[in-house]
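Undergrad: So that you have it, the file is final.pdb, and it contains PDB, C-alpha atoms and all ligand atoms:
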```pdb
ATOM      1  CA  MET A   1      -2.363 -66.155 -77.669
ATOM      2  CA  SER A   2      -0.845 -62.775 -76.752
ATOM      3  CA  ASN A   3      -3.272 -59.907 -76.190
ATOM      4  CA  LYS A   4      -1.791 -58.040 -79.158
ATOM      5  CA  LYS A   5      -3.144 -60.851 -81.321
ATOM      6  CA  LYS A   6      -6.201 -61.507 -79.182
ATOM      7  CA  HIS A   7      -8.027 -58.258 -79.796
ATOM      8  CA  LYS A   8      -8.225 -55.592 -82.438
ATOM      9  CA  ILE A   9      -9.803 -52.582 -80.778
ATOM     10  CA  LEU A  10     -11.384 -49.616 -82.526
ATOM     11  CA  VAL A  11     -11.830 -46.468 -80.421
ATOM     12  CA  LEU A  12     -14.420 -44.173 -82.011
ATOM     13  CA  GLY A  13     -13.441 -40.671 -80.858
ATOM     14  CA  VAL A  14      -9.806 -41.512 -80.099
ATOM     15  CA  ASN A  15      -8.743 -37.884 -79.938
ATOM     16  CA  GLY A  16     -11.393 -36.854 -77.411
ATOM     17  CA  PHE A  17     -10.757 -36.463 -73.702
ATOM     18  CA  ILE A  18     -11.855 -39.985 -72.733
ATOM     19  CA  GLY A  19     -11.006 -41.697 -76.056
ATOM     20  CA  ASN A  20      -7.418 -40.522 -75.744
ATOM     21  CA  ALA A  21      -7.074 -41.830 -72.175
ATOM     22  CA  ILE A  22      -8.493 -45.196 -73.290
ATOM     23  CA  TYR A  23      -6.037 -45.325 -76.199
ATOM     24  CA  LYS A  24      -3.062 -44.638 -73.891
ATOM     25  CA  GLU A  25      -4.195 -47.349 -71.494
ATOM     26  CA  LEU A  26      -4.771 -50.008 -74.174
ATOM     27  CA  TYR A  27      -2.218 -49.520 -76.946
ATOM     28  CA  PRO A  28       0.708 -51.181 -75.119
ATOM     29  CA  TYR A  29      -1.355 -54.380 -74.868
ATOM     30  CA  PHE A  30      -3.623 -54.554 -77.916
ATOM     31  CA  ARG A  31      -3.782 -53.541 -81.581
ATOM     32  CA  VAL A  32      -5.698 -50.302 -81.264
ATOM     33  CA  PHE A  33      -7.232 -48.261 -84.082
ATOM     34  CA  GLY A  34      -9.035 -44.987 -83.697
ATOM     35  CA  THR A  35     -11.176 -42.405 -85.457
ATOM     36  CA  TYR A  36     -10.938 -38.635 -85.333
ATOM     37  CA  ALA A  37     -13.209 -35.960 -86.758
ATOM     38  CA  THR A  38     -10.948 -32.919 -86.459
ATOM     39  CA  SER A  39      -7.953 -33.395 -88.728
ATOM     40  CA  SER A  40      -4.378 -32.831 -87.656
ATOM     41  CA  THR A  41      -1.176 -33.716 -89.455
ATOM     42  CA  VAL A  42      -0.050 -36.010 -86.608
ATOM     43  CA  LEU A  43      -3.264 -38.034 -86.792
ATOM     44  CA  GLU A  44      -3.311 -38.100 -90.582
ATOM     45  CA  LYS A  45       0.209 -39.574 -90.713
ATOM     46  CA  ASN A  46      -0.646 -42.371 -88.312
ATOM     47  CA  LYS A  47      -1.999 -45.399 -90.175
ATOM     48  CA  GLN A  48      -3.817 -46.651 -87.058
ATOM     49  CA  PHE A  49      -6.073 -43.587 -87.122
ATOM     50  CA  PHE A  50      -8.894 -42.924 -89.579
ATOM     51  CA  HIS A  51     -10.752 -39.742 -90.354
ATOM     52  CA  TYR A  52     -14.426 -40.284 -89.642
ATOM     53  CA  ASN A  53     -17.288 -37.808 -89.312
ATOM     54  CA  HIS A  54     -20.606 -39.429 -88.451
ATOM     55  CA  GLU A  55     -22.445 -36.538 -90.132
ATOM     56  CA  GLU A  56     -20.851 -37.421 -93.473
ATOM     57  CA  ASP A  57     -19.316 -40.887 -93.448
ATOM     58  CA  ASP A  58     -20.619 -44.413 -92.979
ATOM     59  CA  VAL A  59     -19.003 -46.141 -90.030
ATOM     60  CA  VAL A  60     -19.203 -49.450 -91.929
ATOM     61  CA  GLU A  61     -16.248 -48.366 -94.063
ATOM     62  CA  ILE A  62     -14.114 -47.969 -90.938
ATOM     63  CA  LEU A  63     -15.361 -51.285 -89.558
ATOM     64  CA  GLU A  64     -14.508 -53.067 -92.797
ATOM     65  CA  ALA A  65     -11.074 -51.469 -92.954
ATOM     66  CA  THR A  66     -10.171 -52.319 -89.348
ATOM     67  CA  LYS A  67     -12.220 -55.483 -88.624
ATOM     68  CA  PRO A  68     -12.275 -54.882 -84.880
ATOM     69  CA  SER A  69     -13.143 -57.521 -82.292
ATOM     70  CA  ILE A  70     -14.000 -54.722 -79.841
ATOM     71  CA  ILE A  71     -15.490 -51.308 -80.652
ATOM     72  CA  ILE A  72     -15.302 -48.624 -77.970
ATOM     73  CA  SER A  73     -17.767 -45.828 -78.620
ATOM     74  CA  ALA A  74     -16.556 -42.532 -77.120
ATOM     75  CA  LEU A  75     -18.216 -40.147 -79.571
ATOM     76  CA  ARG A  76     -20.015 -36.881 -79.255
ATOM     77  CA  GLY A  77     -21.833 -34.770 -81.821
ATOM     78  CA  ASN A  78     -25.137 -34.781 -83.662
ATOM     79  CA  PHE A  79     -27.508 -37.250 -81.971
ATOM     80  CA  ALA A  80     -29.346 -38.255 -85.170
ATOM     81  CA  THR A  81     -26.193 -39.245 -87.041
ATOM     82  CA  GLN A  82     -24.683 -40.880 -83.936
ATOM     83  CA  THR A  83     -27.861 -42.979 -83.733
ATOM     84  CA  ILE A  84     -27.510 -44.094 -87.357
ATOM     85  CA  ALA A  85     -23.840 -44.939 -86.726
ATOM     86  CA  HIS A  86     -24.803 -47.133 -83.764
ATOM     87  CA  GLN A  87     -27.522 -48.842 -85.837
ATOM     88  CA  HIS A  88     -24.868 -49.749 -88.413
ATOM     89  CA  ILE A  89     -22.504 -50.877 -85.649
ATOM     90  CA  SER A  90     -25.261 -53.106 -84.214
ATOM     91  CA  GLU A  91     -25.795 -54.738 -87.612
ATOM     92  CA  TYR A  92     -22.051 -55.328 -87.946
ATOM     93  CA  ILE A  93     -21.855 -56.840 -84.450
ATOM     94  CA  LYS A  94     -24.762 -59.203 -85.209
ATOM     95  CA  GLN A  95     -22.900 -60.559 -88.183
ATOM     96  CA  ASN A  96     -19.350 -60.601 -86.864
ATOM     97  CA  ASP A  97     -17.369 -61.814 -83.877
ATOM     98  CA  CYS A  98     -17.375 -58.387 -82.298
ATOM     99  CA  LYS A  99     -18.411 -56.620 -79.108
ATOM    100  CA  ILE A 100     -19.192 -52.980 -78.267
ATOM    101  CA  ILE A 101     -18.233 -51.017 -75.167
ATOM    102  CA  PHE A 102     -20.518 -48.002 -75.104
ATOM    103  CA  LEU A 103     -19.857 -44.905 -73.006
ATOM    104  CA  SER A 104     -23.217 -43.991 -71.610
ATOM    105  CA  SER A 105     -23.966 -41.500 -68.887
ATOM    106  CA  ALA A 106     -25.521 -41.035 -65.452
ATOM    107  CA  ASN A 107     -27.964 -38.788 -67.338
ATOM    108  CA  VAL A 108     -29.987 -41.847 -68.365
ATOM    109  CA  PHE A 109     -31.448 -41.433 -64.848
ATOM    110  CA  ASP A 110     -31.696 -37.651 -64.740
ATOM    111  CA  ALA A 111     -35.482 -37.641 -64.316
ATOM    112  CA  TYR A 112     -35.124 -39.399 -60.945
ATOM    113  CA  LYS A 113     -34.277 -37.125 -58.065
ATOM    114  CA  ASN A 114     -34.580 -38.997 -54.800
ATOM    115  CA  TYR A 115     -32.017 -41.787 -54.995
ATOM    116  CA  PRO A 116     -28.731 -42.759 -56.591
ATOM    117  CA  SER A 117     -29.262 -45.289 -59.400
ATOM    118  CA  TYR A 118     -28.198 -48.930 -59.731
ATOM    119  CA  GLU A 119     -27.596 -51.091 -62.799
ATOM    120  CA  LEU A 120     -31.028 -52.723 -63.004
ATOM    121  CA  ASP A 121     -33.063 -49.587 -62.276
ATOM    122  CA  LYS A 122     -35.303 -48.493 -65.103
ATOM    123  CA  THR A 123     -33.809 -45.591 -67.036
ATOM    124  CA  LEU A 124     -35.748 -42.320 -67.185
ATOM    125  CA  SER A 125     -34.497 -39.005 -68.458
ATOM    126  CA  SER A 126     -35.838 -35.511 -68.826
ATOM    127  CA  SER A 127     -32.950 -34.272 -70.995
ATOM    128  CA  ILE A 128     -32.342 -34.656 -74.719
ATOM    129  CA  TYR A 129     -28.865 -36.017 -73.986
ATOM    130  CA  GLY A 130     -30.264 -38.602 -71.529
ATOM    131  CA  HIS A 131     -32.967 -39.649 -74.000
ATOM    132  CA  PHE A 132     -30.354 -40.130 -76.699
ATOM    133  CA  LYS A 133     -28.164 -42.324 -74.471
ATOM    134  CA  ILE A 134     -31.211 -44.422 -73.449
ATOM    135  CA  LYS A 135     -32.091 -44.963 -77.116
ATOM    136  CA  ILE A 136     -28.606 -46.279 -77.926
ATOM    137  CA  GLU A 137     -28.518 -48.403 -74.758
ATOM    138  CA  ASN A 138     -31.846 -50.046 -75.659
ATOM    139  CA  MET A 139     -30.646 -50.701 -79.191
ATOM    140  CA  LEU A 140     -27.470 -52.406 -77.944
ATOM    141  CA  MET A 141     -29.322 -54.440 -75.316
ATOM    142  CA  ARG A 142     -31.144 -56.221 -78.130
ATOM    143  CA  LEU A 143     -27.827 -57.827 -79.121
ATOM    144  CA  PRO A 144     -26.738 -61.048 -77.389
ATOM    145  CA  LYS A 145     -25.533 -60.061 -73.901
ATOM    146  CA  ARG A 146     -21.942 -61.247 -74.407
ATOM    147  CA  LYS A 147     -21.652 -58.696 -77.243
ATOM    148  CA  TRP A 148     -22.160 -55.482 -75.291
ATOM    149  CA  ALA A 149     -20.967 -53.591 -72.242
ATOM    150  CA  ILE A 150     -22.774 -50.386 -71.347
ATOM    151  CA  LEU A 151     -20.748 -48.128 -69.084
ATOM    152  CA  ARG A 152     -22.777 -45.512 -67.223
ATOM    153  CA  VAL A 153     -20.365 -42.804 -66.271
ATOM    154  CA  PRO A 154     -20.821 -39.736 -64.062
ATOM    155  CA  MET A 155     -18.917 -36.443 -64.515
ATOM    156  CA  VAL A 156     -15.346 -37.256 -65.526
ATOM    157  CA  PHE A 157     -12.470 -35.247 -64.089
ATOM    158  CA  GLY A 158      -8.714 -35.890 -64.057
ATOM    159  CA  GLN A 159      -5.635 -33.950 -65.028
ATOM    160  CA  GLY A 160      -6.331 -31.698 -68.003
ATOM    161  CA  ALA A 161     -10.025 -32.633 -68.031
ATOM    162  CA  PRO A 162     -12.107 -30.122 -70.017
ATOM    163  CA  ARG A 163     -14.144 -29.508 -66.837
ATOM    164  CA  ILE A 164     -10.965 -28.504 -64.935
ATOM    165  CA  GLU A 165      -9.664 -26.398 -67.832
ATOM    166  CA  GLU A 166     -13.007 -24.581 -67.963
ATOM    167  CA  ILE A 167     -12.770 -23.744 -64.260
ATOM    168  CA  LYS A 168      -9.234 -22.409 -64.809
ATOM    169  CA  THR A 169     -10.417 -20.210 -67.685
ATOM    170  CA  TYR A 170     -13.305 -18.832 -65.612
ATOM    171  CA  LEU A 171     -10.927 -18.079 -62.744
ATOM    172  CA  LYS A 172      -8.481 -16.328 -65.061
ATOM    173  CA  GLU A 173     -11.246 -14.188 -66.508
ATOM    174  CA  LYS A 174     -12.770 -13.646 -63.047
ATOM    175  CA  LEU A 175     -16.100 -15.048 -64.230
ATOM    176  CA  PRO A 176     -18.587 -16.761 -61.889
ATOM    177  CA  ILE A 177     -18.238 -20.530 -61.643
ATOM    178  CA  GLU A 178     -21.538 -22.421 -61.701
ATOM    179  CA  VAL A 179     -22.212 -24.734 -58.773
ATOM    180  CA  PHE A 180     -25.330 -26.763 -57.989
ATOM    181  CA  PRO A 181     -25.647 -26.740 -54.180
ATOM    182  CA  ASN A 182     -28.395 -29.336 -53.934
ATOM    183  CA  LEU A 183     -27.073 -31.719 -56.546
ATOM    184  CA  ILE A 184     -25.522 -34.896 -55.126
ATOM    185  CA  ILE A 185     -23.204 -36.635 -57.579
ATOM    186  CA  ASN A 186     -20.485 -39.162 -57.896
ATOM    187  CA  VAL A 187     -17.406 -38.577 -60.038
ATOM    188  CA  THR A 188     -14.511 -40.349 -61.725
ATOM    189  CA  THR A 189     -11.317 -39.728 -63.676
ATOM    190  CA  ASP A 190     -10.370 -40.533 -67.269
ATOM    191  CA  ASP A 191      -7.501 -42.735 -66.048
ATOM    192  CA  LYS A 192      -9.578 -44.834 -63.640
ATOM    193  CA  LEU A 193     -12.288 -45.256 -66.278
ATOM    194  CA  SER A 194      -9.662 -46.448 -68.781
ATOM    195  CA  GLN A 195      -8.275 -48.985 -66.289
ATOM    196  CA  GLN A 196     -11.806 -50.243 -65.658
ATOM    197  CA  ILE A 197     -12.319 -50.661 -69.412
ATOM    198  CA  HIS A 198      -9.009 -52.564 -69.637
ATOM    199  CA  TYR A 199     -10.275 -54.934 -66.923
ATOM    200  CA  ILE A 200     -13.648 -55.399 -68.665
ATOM    201  CA  ILE A 201     -11.777 -56.343 -71.860
ATOM    202  CA  ASN A 202      -9.288 -58.698 -70.146
ATOM    203  CA  ARG A 203     -12.003 -60.524 -68.209
ATOM    204  CA  ASN A 204     -14.383 -60.514 -71.159
ATOM    205  CA  LYS A 205     -17.106 -58.925 -69.026
ATOM    206  CA  SER A 206     -20.420 -57.792 -70.438
ATOM    207  CA  GLY A 207     -23.616 -56.112 -69.238
ATOM    208  CA  ILE A 208     -24.250 -52.819 -67.482
ATOM    209  CA  PHE A 209     -21.543 -51.161 -65.387
ATOM    210  CA  HIS A 210     -21.931 -48.183 -63.071
ATOM    211  CA  LEU A 211     -18.513 -46.597 -62.959
ATOM    212  CA  GLY A 212     -18.652 -43.720 -60.480
ATOM    213  CA  SER A 213     -16.835 -43.111 -57.203
ATOM    214  CA  THR A 214     -18.028 -45.329 -54.346
ATOM    215  CA  ASP A 215     -19.032 -42.266 -52.303
ATOM    216  CA  LEU A 216     -21.329 -39.349 -53.124
ATOM    217  CA  ILE A 217     -20.575 -35.658 -52.810
ATOM    218  CA  HIS A 218     -22.430 -32.371 -53.229
ATOM    219  CA  HIS A 219     -21.556 -30.753 -56.553
ATOM    220  CA  ASP A 220     -20.731 -27.369 -54.967
ATOM    221  CA  GLU A 221     -18.476 -28.946 -52.354
ATOM    222  CA  PHE A 222     -16.497 -30.850 -54.976
ATOM    223  CA  ILE A 223     -16.109 -27.882 -57.340
ATOM    224  CA  LYS A 224     -15.181 -25.532 -54.469
ATOM    225  CA  GLU A 225     -12.437 -27.937 -53.358
ATOM    226  CA  ILE A 226     -11.006 -27.879 -56.860
ATOM    227  CA  VAL A 227     -11.158 -24.088 -56.980
ATOM    228  CA  THR A 228      -9.554 -23.734 -53.533
ATOM    229  CA  SER A 229      -6.633 -25.818 -54.718
ATOM    230  CA  LEU A 230      -6.148 -23.505 -57.704
ATOM    231  CA  VAL A 231      -6.441 -19.964 -56.300
ATOM    232  CA  VAL A 232      -5.753 -17.869 -53.231
ATOM    233  CA  TYR A 233      -8.186 -15.015 -53.860
ATOM    234  CA  ASN A 234     -11.950 -15.122 -53.388
ATOM    235  CA  PRO A 235     -13.499 -16.695 -56.462
ATOM    236  CA  ILE A 236     -17.026 -15.845 -57.613
ATOM    237  CA  TYR A 237     -19.686 -18.547 -57.632
ATOM    238  CA  LYS A 238     -23.052 -18.665 -59.293
ATOM    239  CA  GLN A 239     -25.296 -20.919 -57.212
ATOM    240  CA  VAL A 240     -27.802 -22.703 -59.431
ATOM    241  CA  TYR A 241     -30.846 -24.235 -57.753
ATOM    242  CA  THR A 242     -32.844 -26.504 -60.078
ATOM    243  CA  THR A 243     -35.008 -27.965 -57.270
ATOM    244  CA  ASN A 244     -35.813 -27.048 -53.675
ATOM    245  CA  ASP A 245     -34.636 -30.362 -52.254
ATOM    246  CA  ASP A 246     -31.479 -32.380 -52.720
ATOM    247  CA  ARG A 247     -31.358 -34.127 -56.096
ATOM    248  CA  TYR A 248     -29.219 -37.151 -57.009
ATOM    249  CA  LEU A 249     -27.309 -37.679 -60.241
ATOM    250  CA  ALA A 250     -25.204 -40.642 -59.233
ATOM    251  CA  VAL A 251     -24.575 -44.157 -60.564
ATOM    252  CA  LEU A 252     -23.613 -46.805 -58.006
ATOM    253  CA  PRO A 253     -22.889 -50.508 -58.605
ATOM    254  CA  LYS A 254     -24.746 -53.375 -56.966
ATOM    255  CA  GLU A 255     -24.692 -56.191 -59.553
ATOM    256  CA  ASN A 256     -21.437 -55.695 -61.443
ATOM    257  CA  LEU A 257     -18.834 -54.825 -58.835
ATOM    258  CA  LEU A 258     -15.246 -54.303 -59.917
ATOM    259  CA  PRO A 259     -12.274 -55.313 -57.726
ATOM    260  CA  LYS A 260     -11.269 -52.933 -54.928
ATOM    261  CA  ASN A 261      -8.190 -51.602 -56.753
ATOM    262  CA  LEU A 262     -10.422 -50.480 -59.614
ATOM    263  CA  GLN A 263     -12.804 -48.564 -57.383
ATOM    264  CA  ILE A 264     -12.297 -44.884 -56.642
ATOM    265  CA  GLU A 265     -13.383 -42.360 -54.011
ATOM    266  CA  SER A 266     -14.214 -38.720 -54.702
ATOM    267  CA  LYS A 267     -11.182 -37.575 -52.667
ATOM    268  CA  ASP A 268      -8.929 -39.541 -55.071
ATOM    269  CA  VAL A 269     -10.695 -37.977 -58.061
ATOM    270  CA  LEU A 270      -9.969 -34.591 -56.522
ATOM    271  CA  LYS A 271      -6.310 -35.454 -55.904
ATOM    272  CA  MET A 272      -5.837 -36.764 -59.442
ATOM    273  CA  SER A 273      -7.521 -33.697 -60.942
ATOM    274  CA  ILE A 274      -5.378 -31.045 -59.291
ATOM    275  CA  LEU A 275      -1.926 -32.643 -59.532
TER     276      LEU A 275
HETATM  277  N1  LIG B 301     -16.654 -36.199 -70.103
HETATM  278  C1  LIG B 301     -17.606 -36.585 -69.262
HETATM  279  O1  LIG B 301     -17.723 -36.056 -68.129
HETATM  280  C2  LIG B 301     -18.542 -37.714 -69.649
HETATM  281  C3  LIG B 301     -19.431 -38.209 -68.698
HETATM  282  C4  LIG B 301     -20.307 -39.252 -69.054
HETATM  283  C5  LIG B 301     -20.269 -39.796 -70.327
HETATM  284  N2  LIG B 301     -19.402 -39.271 -71.255
HETATM  285  C6  LIG B 301     -19.422 -39.843 -72.611
HETATM  286  O2  LIG B 301     -18.116 -40.211 -73.007
HETATM  287  C7  LIG B 301     -17.951 -40.030 -74.423
HETATM  288  C8  LIG B 301     -16.682 -39.225 -74.694
HETATM  289  O3  LIG B 301     -16.803 -37.967 -74.053
HETATM  290  P1  LIG B 301     -15.603 -36.925 -73.977
HETATM  291  O4  LIG B 301     -15.852 -36.078 -72.789
HETATM  292  O5  LIG B 301     -14.289 -37.631 -74.142
HETATM  293  O6  LIG B 301     -15.914 -36.036 -75.273
HETATM  294  P2  LIG B 301     -14.923 -35.204 -76.230
HETATM  295  O7  LIG B 301     -13.645 -34.895 -75.530
HETATM  296  O8  LIG B 301     -15.719 -34.082 -76.756
HETATM  297  O9  LIG B 301     -14.627 -36.246 -77.395
HETATM  298  C9  LIG B 301     -15.629 -36.598 -78.308
HETATM  299  C10 LIG B 301     -15.046 -37.314 -79.497
HETATM  300  O10 LIG B 301     -16.077 -37.397 -80.485
HETATM  301  C11 LIG B 301     -15.537 -37.028 -81.727
HETATM  302  N3  LIG B 301     -16.574 -36.402 -82.560
HETATM  303  C12 LIG B 301     -17.281 -35.255 -82.319
HETATM  304  N4  LIG B 301     -18.117 -34.980 -83.343
HETATM  305  C13 LIG B 301     -17.920 -35.991 -84.249
HETATM  306  C14 LIG B 301     -18.470 -36.269 -85.526
HETATM  307  N5  LIG B 301     -19.393 -35.477 -86.110
HETATM  308  N6  LIG B 301     -18.050 -37.391 -86.179
HETATM  309  C15 LIG B 301     -17.142 -38.217 -85.619
HETATM  310  N7  LIG B 301     -16.551 -37.995 -84.426
HETATM  311  C16 LIG B 301     -16.962 -36.892 -83.741
HETATM  312  C17 LIG B 301     -14.441 -36.025 -81.431
HETATM  313  O11 LIG B 301     -13.496 -36.045 -82.493
HETATM  314  P3  LIG B 301     -12.365 -34.874 -82.685
HETATM  315  O12 LIG B 301     -11.776 -34.651 -81.323
HETATM  316  O13 LIG B 301     -11.415 -35.460 -83.647
HETATM  317  O14 LIG B 301     -13.114 -33.681 -83.188
HETATM  318  C18 LIG B 301     -13.863 -36.595 -80.136
HETATM  319  O15 LIG B 301     -12.879 -37.534 -80.425
HETATM  320  C19 LIG B 301     -19.236 -39.353 -74.920
HETATM  321  O16 LIG B 301     -20.052 -40.334 -75.487
HETATM  322  C20 LIG B 301     -19.879 -38.821 -73.648
HETATM  323  O17 LIG B 301     -21.271 -38.785 -73.742
HETATM  324  C21 LIG B 301     -18.536 -38.259 -70.937
END
```
As structure tokens - that is how I would like this structure written.
TA:
Amino acid sequence: MSNKKKHKILVLGVNGFIGNAIYKELYPYFRVFGTYATSSTVLEKNKQFFHYNHEEDDVVEILEATKPSIIISALRGNFATQTIAHQHISEYIKQNDCKIIFLSSANVFDAYKNYPSYELDKTLSSSIYGHFKIKIENMLMRLPKRKWAILRVPMVFGQGAPRIEEIKTYLKEKLPIEVFPNLIINVTTDDKLSQQIHYIINRNKSGIFHLGSTDLIHHDEFIKEIVTSLVVYNPIYKQVYTTNDDRYLAVLPKENLLPKNLQIESKDVLKMSIL
């Protein structure tokens, strides 16, 4: 069976930064549908795309209209209504031949400071965002394992990434750029993440994936390298210290390793972000 027939994929948040990259990676190979919350005439004319606002609409209507075999959740917005949406998605998955790929975050470990985190480590967060992601993760983990893939993702960069655009705006307006000198992170790009998702779909992989660069880098070093590539004059930095010692916010793989060509180093993330 050709892939086009094999999977019907629904990308929730198809017009977002990551959702859009995923769509571009997958649509040549699969039947891909998507949802958007902010209307535009281009999206409205495209029959593959559905207007959906989780604060107002029930996701079940979209699921029934598209009957996906894979749902990729790349949403943002109100945590309470996102939670309800994922409860309805879970019910749908229980009853149908369907799997979810959920974009989670390194923040599910943001209460730990001393080490990078691995797939089987217990999650613990001190942020509302981290708590929310943990809640959805735990809900999905109650489904049969073949029906879910949880992708824990660190800060995403890449060409045109909102994080890069924000730096450019701050530079233009000569505003201080926030850096966290004792925060050790790993990073990725929207394109690499999309290729990794493509692989997870093709190989029918499930479970927890830690999809950050293989190496770690200090936040201030990484951001300063980006800034140096963009300007010649002396930029202004605001150094933010949240702890006295180094603190990790990094997700590394140990159990679910992807092939070498799908791994990335922070220097490649940098290169791909400042093209
Ligand atoms: N970017 C990162 O560095 C990063 C890191 C780790 C994890 N993640 C996770 O990756 C996912 C995607 O992030 P992103 O950076 O691509 O975000 P984004 O660019 O802000 O995209 C979010 C998407 O959610 C949709 N959305 C927002 N409010 C909605 C609502 N009320 N109802 C329905 N849809 C709504 C938006 O639709 P419209 O565009 O149509 O308004 C957009 O398509 C998120 O779950 C995020 O937590 C991101």
Undergrad: Compile the contact shell of stretch 24-29 of chain A as JSON, numbers by chain: residues with an atom at most 12 Å away, counting only C-alpha atoms, same-chain residues fewer than 4 positions apart removed.
TA: {"A": [2, 3, 4, 5, 6, 7, 8, 9, 10, 11, 14, 15, 16, 17, 18, 19, 20, 33, 34, 48, 70, 72, 190, 191, 192, 193, 194, 195, 196, 197, 198, 199, 200, 201, 202]}
Undergrad: How would you write, as a PyMOL selection string, the residues chosen by the PyMOL selection byres (((not hetatm)) within 7 of (chain B and resi 301)) on this structure?
TA: chain A and resi 12-19+36-39+52-55+73-78+103-106+152-157
Undergrad: Using all atoms listed in the file, which protein or nucleic acid residues come within 9 Å of stretch 235-249 of chain A? Drop anything in the same chain fewer than 3 positions from it, and give the result as a PyMOL selection string.
TA: chain A and resi 106-107+109-110+112-117+154+171+174-186+220+224+227-228+231-232
Undergrad: Take the PyMOL selection byres (((chain A and resi 140) around 9) and not hetatm), run it mentally on this structure, and tell me the resulting residues as a PyMOL selection string.
TA: chain A and resi 86-87+90+100+102+135-139+141-145+147-150
Undergrad: Could you please determine the separation between atom CA of A:Arg163 and atom CA of A:Phe50 in Å, to one decimal place?
TA: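 Answer for the atom CA of A:Arg163 to atom CA of A:Phe50 separation: 26.9 Å.
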Undergrad: State, in Å with one decimal place, the distance from atom CA of A:Val187 to atom CA of A:Ser266.
TA: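 Separation of atom CA of A:Val187 and atom CA of A:Ser266: 6.2 Å.
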Undergrad: Work out how far apart atom CA of A:Ile274 and atom CA of A:Gln159 are and give it in Å to one decimal.
TA: 6.4 Å
Undergrad: Quick one: residues within 12 Å of A:Leu230, only C-alpha atoms, excluding same-chain residues fewer than 4 positions away - as a ChimeraX atom specification?
TA: /A:164-165,167-172,223-226,234-235,270,273-275
Undergrad: Name the residues within 12 Å of (-20.2, -44.6, -93.7), counting all atoms listed in the file in the file's coordinates, and put them as a ChimeraX atom specification.
TA: /A:51-65,81-82,84-89
Undergrad: Give the answer as one residue: which of A:His218, A:Ile71, A:Ala250, A:Ser213 has the shortest atom-to-atom distance to A:Gln263, using only C-alpha atoms?
TA: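 Closest to A:Gln263 of all the choices is A:Ser213.
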Undergrad: Which polymer residues have any atom within 8 Å of an atom of A:Asn256, counting all atoms listed in the file, with same-chain residues fewer than 3 positions away left out, as a count of residues only?
TA: 5
Undergrad: For A:Val251, which residue out of A:Gly130, A:Gly160, A:Pro68, A:Gly212 is the nearest one, using only C-alpha atoms?
TA: A:Gly212
Undergrad: Residues within 7 Å of A:Val108, please, as number ranges by chain. Count all atoms listed in the file; anything in the same chain fewer than 4 positions from it doesn't count.
TA: A: 123-125, 130-131, 133-134
